[in-house]
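Just coords-v5.cif here, mmCIF, C-alpha atoms:
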data_my_file
#
loop_
_atom_site.label_atom_id
_atom_site.label_comp_id
_atom_site.auth_asym_id
_atom_site.auth_seq_id
_atom_site.Cartn_x
_atom_site.Cartn_y
_atom_site.Cartn_z
CA MET A 14 9.00 20.67 -14.77
CA ASN A 15 12.61 19.63 -14.18
CA ASP A 16 11.32 16.82 -12.04
CA ARG A 17 9.77 15.31 -15.11
CA ASN A 18 13.21 14.80 -16.67
CA ASP A 19 14.10 12.23 -14.01
CA GLU A 20 10.96 10.27 -14.68
CA PRO A 21 10.94 7.32 -17.06
CA ARG A 22 9.08 7.83 -20.31
CA TRP A 23 6.73 4.91 -19.67
CA LEU A 24 5.28 6.74 -16.70
CA ARG A 25 3.41 8.93 -19.17
CA LEU A 26 1.27 5.90 -19.94
CA ALA A 27 -0.41 6.45 -16.59
CA ALA A 28 -2.33 9.33 -18.18
CA ASP A 29 -3.81 6.97 -20.77
CA LEU A 30 -6.31 5.65 -18.29
CA ARG A 31 -9.09 8.00 -17.34
CA ALA A 32 -12.64 7.88 -16.13
CA GLU A 33 -15.78 9.94 -16.44
CA PRO A 34 -18.67 10.12 -14.01
CA ALA A 35 -21.51 7.77 -14.90
CA PRO A 36 -24.35 9.23 -16.99
CA GLY A 37 -27.10 10.70 -14.85
CA THR A 38 -24.70 11.76 -12.11
CA LEU A 39 -26.10 15.27 -11.94
CA ALA A 40 -29.69 14.06 -11.65
CA ARG A 41 -28.75 11.60 -8.90
CA VAL A 42 -26.81 14.24 -6.98
CA ARG A 43 -29.78 16.62 -7.18
CA GLU A 44 -32.07 13.86 -5.99
CA ARG A 45 -29.79 13.04 -3.07
CA LEU A 46 -29.48 16.70 -2.17
CA ALA A 47 -33.24 17.12 -2.24
CA SER A 48 -33.84 14.06 -0.06
CA ARG A 49 -31.15 15.26 2.32
CA GLU A 50 -32.91 18.59 2.71
CA HIS A 51 -35.97 16.75 4.02
CA GLU A 52 -33.93 15.06 6.74
CA PRO A 53 -33.80 16.76 10.15
CA ALA A 54 -30.51 18.56 10.77
CA TRP A 55 -29.49 16.20 13.58
CA VAL A 56 -29.88 13.15 11.33
CA ARG A 57 -27.62 14.81 8.77
CA TRP A 58 -25.16 15.64 11.53
CA LEU A 59 -25.05 11.99 12.63
CA GLY A 60 -23.63 11.06 9.25
CA ARG A 61 -20.65 13.35 9.67
CA PRO A 62 -17.29 12.30 11.15
CA ALA A 63 -17.85 14.92 13.88
CA ALA A 64 -20.61 12.69 15.26
CA LEU A 65 -18.12 9.89 15.92
CA ALA A 66 -15.66 12.28 17.56
CA THR A 67 -18.42 13.70 19.76
CA SER A 68 -19.55 10.20 20.77
CA VAL A 69 -16.00 9.28 21.79
CA ALA A 70 -15.65 12.55 23.71
CA LEU A 71 -18.96 11.90 25.50
CA LEU A 72 -17.85 8.38 26.40
CA VAL A 73 -14.61 9.71 27.88
CA VAL A 74 -16.45 12.41 29.85
CA CYS A 75 -19.01 9.87 31.17
CA ALA A 76 -16.24 7.45 32.20
CA TRP A 77 -14.39 10.24 33.97
CA ALA A 78 -17.55 11.53 35.69
CA GLY A 79 -18.52 8.00 36.79
CA ASN A 80 -15.07 7.35 38.17
CA THR A 81 -15.05 10.66 40.03
CA TRP A 82 -18.49 9.98 41.50
CA LEU A 83 -17.48 6.52 42.69
CA ALA A 84 -14.30 7.89 44.27
CA THR A 85 -16.31 10.60 46.08
CA THR A 86 -18.82 8.08 47.42
CA GLU A 87 -16.02 5.85 48.74
CA ARG A 88 -14.43 8.76 50.53
CA ALA A 89 -17.74 9.78 52.16
CA ARG A 90 -17.82 6.54 54.21
CA PRO A 91 -15.98 6.77 57.60
CA ASP A 92 -12.68 4.94 57.30
CA GLY A 93 -13.89 3.16 54.24
CA ALA A 94 -16.59 1.27 56.22
CA THR A 95 -18.71 -1.16 54.29
CA LEU A 96 -21.84 -3.07 55.28
CA VAL A 97 -19.82 -6.18 56.11
CA SER A 98 -17.37 -4.36 58.36
CA ALA A 99 -20.21 -2.50 60.12
CA LEU A 100 -21.98 -5.79 60.93
CA LEU A 101 -18.76 -7.29 62.24
CA ASP A 102 -18.18 -4.26 64.45
CA GLU A 103 -21.62 -4.53 66.05
CA ASP A 104 -21.16 -8.22 66.75
CA GLY A 105 -17.86 -7.50 68.47
CA SER A 106 -16.41 -10.77 67.33
CA PHE A 107 -15.18 -9.58 64.03
CA GLY A 108 -16.53 -12.86 62.68
CA LEU A 109 -13.98 -15.04 64.52
CA GLY A 110 -16.46 -16.63 66.99
CA LEU A 111 -14.38 -15.47 70.02
CA GLU A 112 -16.02 -14.93 73.39
CA SER A 113 -14.78 -13.35 76.58
CA ASP A 114 -12.50 -15.49 78.86
CA ALA A 115 -15.07 -15.81 81.65
CA ALA A 116 -17.83 -16.91 79.36
CA ALA A 117 -15.50 -19.41 77.78
CA ALA A 118 -14.42 -20.88 81.16
CA GLU A 119 -17.95 -21.35 82.58
CA PRO A 120 -20.34 -23.03 80.31
CA GLY A 121 -23.92 -21.92 80.84
CA ALA A 122 -26.51 -24.15 82.56
CA ASP A 123 -28.31 -24.80 79.44
CA SER A 124 -25.22 -25.35 77.40
CA GLY A 125 -25.31 -29.11 77.75
CA ALA A 126 -21.64 -29.22 78.75
CA VAL A 127 -20.51 -31.91 81.26
CA ARG A 128 -18.95 -30.69 84.54
CA ARG A 129 -16.22 -32.66 86.21
CA MET B 16 -27.58 24.25 -8.87
CA ALA B 17 -25.76 25.80 -11.85
CA ALA B 18 -22.58 25.64 -9.79
CA LEU B 19 -23.10 21.92 -9.37
CA GLU B 20 -23.35 21.48 -13.11
CA GLN B 21 -20.16 23.49 -13.60
CA LEU B 22 -18.32 21.44 -11.00
CA LEU B 23 -19.34 18.20 -12.66
CA GLU B 24 -18.49 19.41 -16.13
CA ARG B 25 -15.08 20.80 -15.26
CA PHE B 26 -13.85 18.43 -12.59
CA GLY B 27 -16.09 15.36 -12.82
CA GLY B 28 -13.51 13.53 -14.94
CA ALA B 29 -10.66 14.19 -12.52
CA MET B 30 -12.82 13.24 -9.54
CA ALA B 31 -13.95 10.00 -11.20
CA THR B 32 -10.40 9.14 -12.31
CA LEU B 33 -9.04 9.69 -8.81
CA ALA B 34 -11.86 7.77 -7.12
CA ARG B 35 -11.70 4.83 -9.51
CA SER B 36 -7.90 4.64 -9.41
CA MET B 37 -7.95 4.64 -5.62
CA LEU B 38 -10.93 2.41 -4.92
CA ARG B 39 -10.75 0.08 -7.95
CA ASP B 40 -14.48 -0.36 -7.76
CA ALA B 41 -16.68 1.49 -10.25
CA THR B 42 -19.83 1.49 -8.11
CA GLU B 43 -18.13 2.69 -4.94
CA ALA B 44 -16.16 5.29 -6.90
CA GLN B 45 -19.34 6.64 -8.48
CA ASP B 46 -20.87 6.98 -5.02
CA VAL B 47 -17.77 8.88 -3.89
CA VAL B 48 -18.02 11.23 -6.88
CA GLU B 49 -21.66 11.96 -6.07
CA GLU B 50 -20.90 12.45 -2.39
CA SER B 51 -17.99 14.77 -3.28
CA LEU B 52 -20.25 16.89 -5.45
CA MET B 53 -22.82 17.08 -2.65
CA ARG B 54 -20.19 18.09 -0.12
CA ALA B 55 -18.75 20.68 -2.50
CA HIS B 56 -22.24 22.03 -3.13
CA GLU B 57 -22.99 22.26 0.58
CA ALA B 58 -19.61 23.74 1.46
CA GLY B 59 -19.71 26.08 -1.53
CA PRO B 60 -20.74 29.21 0.42
CA GLY B 61 -17.68 28.79 2.67
CA PHE B 62 -15.23 28.40 -0.22
CA ARG B 63 -12.70 31.24 -0.23
CA GLY B 64 -10.77 30.30 -3.33
CA GLU B 65 -7.37 30.17 -1.63
CA ARG B 66 -6.28 27.00 -3.33
CA GLY B 67 -8.34 26.83 -6.49
CA VAL B 68 -11.48 24.87 -7.14
CA ARG B 69 -9.77 21.84 -8.69
CA THR B 70 -7.54 21.11 -5.70
CA TRP B 71 -10.47 21.82 -3.37
CA VAL B 72 -12.82 19.28 -5.00
CA LEU B 73 -10.01 16.75 -5.38
CA ARG B 74 -9.25 17.14 -1.70
CA ILE B 75 -12.86 16.31 -0.88
CA THR B 76 -12.72 13.29 -3.19
CA ALA B 77 -9.36 12.12 -1.80
CA ASN B 78 -10.66 12.36 1.78
CA LEU B 79 -13.78 10.39 0.92
CA CYS B 80 -11.66 7.73 -0.83
CA ARG B 81 -9.48 7.43 2.27
CA ASP B 82 -12.59 7.02 4.44
CA ARG B 83 -13.86 4.23 2.21
CA LEU B 84 -10.51 2.44 2.17
CA ARG B 85 -10.33 2.70 5.96
CA ARG B 86 -13.84 1.30 6.28
CA ARG B 87 -12.89 -1.50 3.91
CA ARG B 88 -9.96 -2.42 6.14
CA PHE B 89 -12.28 -2.52 9.17
CA SER B 90 -14.74 -4.78 7.42
CA ALA B 91 -11.86 -6.90 6.06
CA GLY B 92 -13.24 -6.35 2.62
CA SER B 93 -9.99 -5.41 0.93
CA LEU B 94 -9.58 -6.49 -2.66
CA ASP B 95 -7.32 -9.46 -3.23
CA GLY B 96 -5.37 -7.85 -6.03
CA PRO B 97 -5.56 -5.09 -8.59
CA THR B 98 -8.76 -5.33 -10.58
CA PRO B 99 -8.72 -5.03 -14.37
CA ILE B 100 -9.13 -1.49 -15.65
CA GLU B 101 -12.70 -2.08 -16.86
CA ASP B 102 -13.79 -3.38 -13.43
CA ALA B 103 -12.25 -0.34 -11.84
CA GLY B 104 -14.26 1.81 -14.25
CA LEU B 105 -11.22 3.20 -16.05
CA ARG B 106 -11.06 3.71 -19.78
CA PHE B 107 -8.05 3.42 -22.12
CA ASP B 108 -7.71 6.81 -23.77
CA PRO B 109 -4.19 7.30 -25.23
CA VAL B 110 -2.63 10.70 -24.65
CA GLY B 111 0.20 11.90 -26.92
CA SER B 112 2.37 9.89 -29.27
CA TRP B 113 4.00 6.59 -28.56
CA ASP B 114 6.17 4.04 -30.29
CA GLU B 115 3.60 2.17 -32.34
CA ARG B 116 5.66 -0.99 -32.25
CA LEU B 117 4.88 -1.32 -28.59
CA ASP B 118 1.55 -2.54 -27.34
CA ARG B 119 0.57 0.64 -25.61
CA ARG B 120 -2.62 -0.65 -24.08
CA ALA B 121 -0.95 -3.73 -22.59
CA MET B 122 1.78 -1.53 -21.14
CA ALA B 123 -0.73 0.93 -19.72
CA GLU B 124 -2.59 -1.96 -18.09
CA ARG B 125 0.58 -3.36 -16.60
CA LEU B 126 1.56 0.06 -15.29
CA ASP B 127 -1.94 0.50 -13.86
CA ALA B 128 -1.72 -2.85 -12.07
CA ALA B 129 1.62 -1.81 -10.59
CA ILE B 130 0.18 1.54 -9.46
CA ALA B 131 -2.80 -0.26 -7.93
CA ARG B 132 -0.44 -2.35 -5.82
CA LEU B 133 1.28 0.71 -4.34
CA PRO B 134 0.47 1.69 -0.74
CA GLU B 135 -2.48 4.11 -0.55
CA ASP B 136 -0.47 7.26 0.14
CA GLN B 137 1.93 6.56 -2.72
CA ARG B 138 -0.86 5.56 -5.08
CA GLU B 139 -2.66 8.80 -4.29
CA VAL B 140 0.27 11.01 -5.27
CA THR B 141 1.11 8.89 -8.30
CA VAL B 142 -2.42 9.15 -9.66
CA MET B 143 -2.61 12.87 -8.94
CA ARG B 144 0.74 13.54 -10.53
CA HIS B 145 0.89 11.18 -13.48
CA ARG B 146 -2.76 10.57 -14.29
CA LEU B 147 -4.27 13.94 -13.45
CA GLY B 148 -1.19 16.08 -14.08
CA LEU B 149 -1.26 18.03 -10.80
CA SER B 150 1.80 20.07 -9.85
CA HIS B 151 3.60 19.44 -6.57
CA GLU B 152 2.02 22.57 -5.06
CA GLU B 153 -1.46 21.51 -6.15
CA MET B 154 -0.89 18.10 -4.59
CA CYS B 155 0.19 19.72 -1.32
CA ALA B 156 -3.06 21.68 -1.29
CA ALA B 157 -5.20 18.72 -2.32
CA LEU B 158 -3.68 16.35 0.23
CA GLY B 159 -2.95 18.83 3.00
CA VAL B 160 0.65 17.62 3.41
CA PRO B 161 4.00 19.46 3.10
CA LEU B 162 5.95 19.55 -0.15
CA GLY B 163 8.65 17.26 1.24
CA THR B 164 6.09 14.58 2.02
CA VAL B 165 4.65 14.74 -1.48
CA LYS B 166 8.10 14.46 -3.01
CA SER B 167 9.22 11.59 -0.81
CA ARG B 168 6.01 9.66 -1.50
CA LEU B 169 6.47 10.17 -5.21
CA ALA B 170 10.10 9.08 -5.04
CA ARG B 171 9.22 5.92 -3.11
CA ALA B 172 6.43 5.13 -5.57
CA LEU B 173 8.77 5.62 -8.51
CA THR B 174 11.37 3.31 -6.98
CA THR B 175 8.76 0.59 -6.57
CA LEU B 176 7.37 1.08 -10.06
CA ARG B 177 10.87 1.03 -11.57
CA HIS B 178 11.58 -2.21 -9.78
CA GLU B 179 8.30 -3.81 -10.84
CA LEU B 180 8.67 -2.69 -14.44
CA ARG B 181 12.45 -3.01 -14.66
CA ASP B 182 12.31 -4.82 -18.01
CA TRP B 183 10.95 -1.60 -19.56
CA ASP B 184 14.00 0.42 -18.63
CA ARG B 185 16.34 -1.74 -20.68
#
Please go through the file and, once you have read it, give me the structure as structure tokens.
Amino acid sequence: MNDRNDEPRWLRLAADLRAEPAPGTLARVRERLASREHEPAWVRWLGRPAALATSVALLVVCAWAGNTWLATTERARPDGATLVSALLDEDGSFGLGLESDAAAAEPGADSGAVRR
Amino acid sequence: MAALEQLLERFGGAMATLARSMLRDATEAQDVVEESLMRAHEAGPGFRGERGVRTWVLRITANLCRDRLRRRRFSAGSLDGPTPIEDAGLRFDPVGSWDERLDRRAMAERLDAAIARLPEDQREVTVMRHRLGLSHEEMCAALGVPLGTVKSRLARALTTLRHELRDWDR
């Protein structure tokens, strides 16, 4: 109570303002409790803060699992091959339009090139 | 259900005073009081009586008030300024003697407006201490914070109130 000695006297006025629950509070609480009992347990659980925490935890777990799965799939491909690189490999040109030296020196008969 | 009636009868006033002082909205505060009673009723079987029923129910109410204030911040629905005591659902009910030459009600309203402008954590301890008359230990139990925190919040609140109401100290 010694703490009270340091407090200004006017602070006691704070206790002059009070409140009471509205009339009919008990009846309303009983009503709400009764209606809550009819709700399935999982619906009641959704209203609790734990539901939000669980949702966030699930999101984190899903993100982690997705990331792990993607990383595993990437690693499964030989040398990180993709469809584009596989097509380029088969073509042999690597998409640069290069041909062998001999083929480049002698145009084919049906190439339409003029010989001098 | 008899326990519910007892809870309301014994602590309903303190719960309503805390909720209305914190939320400054009679309707929302009433909803918090009802929700607190429901939670207390549902959690009743798990109550072990370590801290006393009053601090236990006030802790439930304080937590619900904090949730509502947080939600209000998210929805940008904060009140522009302290609402008058009637709008907040508070009632002027003088306690003890006072110098009759002073307008006690006007002073109480001005003090209430100053308390309403305090930051949430300071307002909470001020209301618990000076409006509900809780001891420091009871406040620690009701708020779940250490004694030092309660004391420092009270000291900061008092500094602000003294500054706002400095003409009263003369």
Interface, chain A side, toward chain B (9 Å; only C-alpha atoms) as a list of chain:residue names: A:Met14, A:Glu20, A:Pro21, A:Trp23, A:Leu24, A:Arg25, A:Leu26, A:Ala27, A:Ala28, A:Asp29, A:Leu30, A:Arg31, A:Ala32, A:Glu33, A:Pro34, A:Ala35, A:Thr38, A:Leu39, A:Arg41, A:Val42, A:Arg43, A:Arg45, A:Leu46
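Note that CA of Gln137 in chain B and CA of Arg171 in chain B are 7.3 Å apart.
Rounded to one decimal, CA of Arg88 in chain A and CA of Val74 in chain A lie 21.1 Å from each other.
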Nearest residue to Val72 in chain B out of B:Arg138, B:Arg132, B:Val165, B:Met154, using only C-alpha atoms?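 Checking each candidate against Val72 in chain B, we get B:Met154 as the closest.
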Taking all atoms of range 48-61 of chain A that appear in the file, build a box with edges along x, y and z, extend it by 5 Å on every side, and state its centre and edge lengths in Å to one decimal, as AutoDock Vina command-line options.
--center_x -28.3 --center_y 14.8 --center_z 6.8 --size_x 25.3 --size_y 17.5 --size_z 23.6
Coordinates-based distance that separates CA of Ala55 in chain B from CA of Val56 in chain A (Å, one decimal):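 Rounded to one decimal, the two atoms are 19.3 Å apart.
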Since the input has fewer atoms than a full residue there, write range 20-51 of chain A out with N, CA and C atoms, as a PDB file, in the coordinates of the input.
ATOM      1  N   GLU A  20      11.960  11.331 -14.634  1.00  0.00           N
ATOM      2  CA  GLU A  20      10.960  10.270 -14.680  1.00  0.00           C
ATOM      3  C   GLU A  20      11.078   9.451 -15.953  1.00  0.00           C
ATOM      4  N   PRO A  21      10.869   8.150 -15.845  1.00  0.00           N
ATOM      5  CA  PRO A  21      10.940   7.320 -17.060  1.00  0.00           C
ATOM      6  C   PRO A  21       9.812   7.677 -18.023  1.00  0.00           C
ATOM      7  N   ARG A  22      10.061   7.449 -19.291  1.00  0.00           N
ATOM      8  CA  ARG A  22       9.080   7.830 -20.310  1.00  0.00           C
ATOM      9  C   ARG A  22       7.781   7.023 -20.155  1.00  0.00           C
ATOM     10  N   TRP A  23       7.928   5.767 -19.760  1.00  0.00           N
ATOM     11  CA  TRP A  23       6.730   4.910 -19.670  1.00  0.00           C
ATOM     12  C   TRP A  23       5.730   5.386 -18.626  1.00  0.00           C
ATOM     13  N   LEU A  24       6.193   6.258 -17.731  1.00  0.00           N
ATOM     14  CA  LEU A  24       5.280   6.740 -16.700  1.00  0.00           C
ATOM     15  C   LEU A  24       4.164   7.598 -17.296  1.00  0.00           C
ATOM     16  N   ARG A  25       4.436   8.115 -18.499  1.00  0.00           N
ATOM     17  CA  ARG A  25       3.410   8.930 -19.170  1.00  0.00           C
ATOM     18  C   ARG A  25       2.179   8.093 -19.531  1.00  0.00           C
ATOM     19  N   LEU A  26       2.399   6.782 -19.619  1.00  0.00           N
ATOM     20  CA  LEU A  26       1.270   5.900 -19.940  1.00  0.00           C
ATOM     21  C   LEU A  26       0.182   5.938 -18.867  1.00  0.00           C
ATOM     22  N   ALA A  27       0.567   6.383 -17.681  1.00  0.00           N
ATOM     23  CA  ALA A  27      -0.410   6.450 -16.590  1.00  0.00           C
ATOM     24  C   ALA A  27      -1.584   7.358 -16.969  1.00  0.00           C
ATOM     25  N   ALA A  28      -1.281   8.376 -17.790  1.00  0.00           N
ATOM     26  CA  ALA A  28      -2.330   9.330 -18.180  1.00  0.00           C
ATOM     27  C   ALA A  28      -3.277   8.755 -19.225  1.00  0.00           C
ATOM     28  N   ASP A  29      -2.936   7.570 -19.746  1.00  0.00           N
ATOM     29  CA  ASP A  29      -3.810   6.970 -20.770  1.00  0.00           C
ATOM     30  C   ASP A  29      -5.089   6.407 -20.187  1.00  0.00           C
ATOM     31  N   LEU A  30      -5.103   6.219 -18.907  1.00  0.00           N
ATOM     32  CA  LEU A  30      -6.310   5.650 -18.290  1.00  0.00           C
ATOM     33  C   LEU A  30      -7.063   6.749 -17.551  1.00  0.00           C
ATOM     34  N   ARG A  31      -8.277   6.935 -17.945  1.00  0.00           N
ATOM     35  CA  ARG A  31      -9.090   8.000 -17.340  1.00  0.00           C
ATOM     36  C   ARG A  31     -10.486   7.469 -17.077  1.00  0.00           C
ATOM     37  N   ALA A  32     -11.255   8.276 -16.415  1.00  0.00           N
ATOM     38  CA  ALA A  32     -12.640   7.880 -16.130  1.00  0.00           C
ATOM     39  C   ALA A  32     -13.527   9.102 -16.209  1.00  0.00           C
ATOM     40  N   GLU A  33     -14.772   8.864 -16.433  1.00  0.00           N
ATOM     41  CA  GLU A  33     -15.780   9.940 -16.440  1.00  0.00           C
ATOM     42  C   GLU A  33     -16.885   9.536 -15.473  1.00  0.00           C
ATOM     43  N   PRO A  34     -17.548  10.487 -14.878  1.00  0.00           N
ATOM     44  CA  PRO A  34     -18.670  10.120 -14.010  1.00  0.00           C
ATOM     45  C   PRO A  34     -19.750   9.412 -14.829  1.00  0.00           C
ATOM     46  N   ALA A  35     -20.460   8.513 -14.197  1.00  0.00           N
ATOM     47  CA  ALA A  35     -21.510   7.770 -14.900  1.00  0.00           C
ATOM     48  C   ALA A  35     -22.594   8.721 -15.395  1.00  0.00           C
ATOM     49  N   PRO A  36     -23.257   8.359 -16.518  1.00  0.00           N
ATOM     50  CA  PRO A  36     -24.350   9.230 -16.990  1.00  0.00           C
ATOM     51  C   PRO A  36     -25.432   9.345 -15.912  1.00  0.00           C
ATOM     52  N   GLY A  37     -26.021  10.495 -15.839  1.00  0.00           N
ATOM     53  CA  GLY A  37     -27.100  10.700 -14.850  1.00  0.00           C
ATOM     54  C   GLY A  37     -26.582  11.099 -13.482  1.00  0.00           C
ATOM     55  N   THR A  38     -25.288  11.394 -13.409  1.00  0.00           N
ATOM     56  CA  THR A  38     -24.700  11.760 -12.110  1.00  0.00           C
ATOM     57  C   THR A  38     -25.377  13.016 -11.539  1.00  0.00           C
ATOM     58  N   LEU A  39     -25.540  13.997 -12.399  1.00  0.00           N
ATOM     59  CA  LEU A  39     -26.100  15.270 -11.940  1.00  0.00           C
ATOM     60  C   LEU A  39     -27.517  15.078 -11.377  1.00  0.00           C
ATOM     61  N   ALA A  40     -28.308  14.294 -12.104  1.00  0.00           N
ATOM     62  CA  ALA A  40     -29.690  14.060 -11.650  1.00  0.00           C
ATOM     63  C   ALA A  40     -29.691  13.340 -10.306  1.00  0.00           C
ATOM     64  N   ARG A  41     -28.804  12.348 -10.169  1.00  0.00           N
ATOM     65  CA  ARG A  41     -28.750  11.600  -8.900  1.00  0.00           C
ATOM     66  C   ARG A  41     -28.291  12.489  -7.745  1.00  0.00           C
ATOM     67  N   VAL A  42     -27.309  13.335  -8.031  1.00  0.00           N
ATOM     68  CA  VAL A  42     -26.810  14.240  -6.980  1.00  0.00           C
ATOM     69  C   VAL A  42     -27.923  15.190  -6.543  1.00  0.00           C
ATOM     70  N   ARG A  43     -28.658  15.712  -7.507  1.00  0.00           N
ATOM     71  CA  ARG A  43     -29.780  16.620  -7.180  1.00  0.00           C
ATOM     72  C   ARG A  43     -30.825  15.908  -6.343  1.00  0.00           C
ATOM     73  N   GLU A  44     -31.094  14.667  -6.735  1.00  0.00           N
ATOM     74  CA  GLU A  44     -32.070  13.860  -5.990  1.00  0.00           C
ATOM     75  C   GLU A  44     -31.618  13.658  -4.536  1.00  0.00           C
ATOM     76  N   ARG A  45     -30.342  13.287  -4.418  1.00  0.00           N
ATOM     77  CA  ARG A  45     -29.790  13.040  -3.070  1.00  0.00           C
ATOM     78  C   ARG A  45     -29.789  14.315  -2.240  1.00  0.00           C
ATOM     79  N   LEU A  46     -29.475  15.413  -2.892  1.00  0.00           N
ATOM     80  CA  LEU A  46     -29.480  16.700  -2.170  1.00  0.00           C
ATOM     81  C   LEU A  46     -30.882  17.049  -1.703  1.00  0.00           C
ATOM     82  N   ALA A  47     -31.853  16.800  -2.589  1.00  0.00           N
ATOM     83  CA  ALA A  47     -33.240  17.120  -2.240  1.00  0.00           C
ATOM     84  C   ALA A  47     -33.722  16.256  -1.084  1.00  0.00           C
ATOM     85  N   SER A  48     -33.391  14.954  -1.137  1.00  0.00           N
ATOM     86  CA  SER A  48     -33.840  14.060  -0.060  1.00  0.00           C
ATOM     87  C   SER A  48     -33.124  14.404   1.250  1.00  0.00           C
ATOM     88  N   ARG A  49     -31.910  14.890   1.121  1.00  0.00           N
ATOM     89  CA  ARG A  49     -31.150  15.260   2.320  1.00  0.00           C
ATOM     90  C   ARG A  49     -31.757  16.501   2.989  1.00  0.00           C
ATOM     91  N   GLU A  50     -32.304  17.371   2.152  1.00  0.00           N
ATOM     92  CA  GLU A  50     -32.910  18.590   2.710  1.00  0.00           C
ATOM     93  C   GLU A  50     -34.135  18.275   3.562  1.00  0.00           C
ATOM     94  N   HIS A  51     -34.788  17.136   3.247  1.00  0.00           N
ATOM     95  CA  HIS A  51     -35.970  16.750   4.020  1.00  0.00           C
ATOM     96  C   HIS A  51     -35.602  16.136   5.375  1.00  0.00           C
TER      97      HIS A  51
END
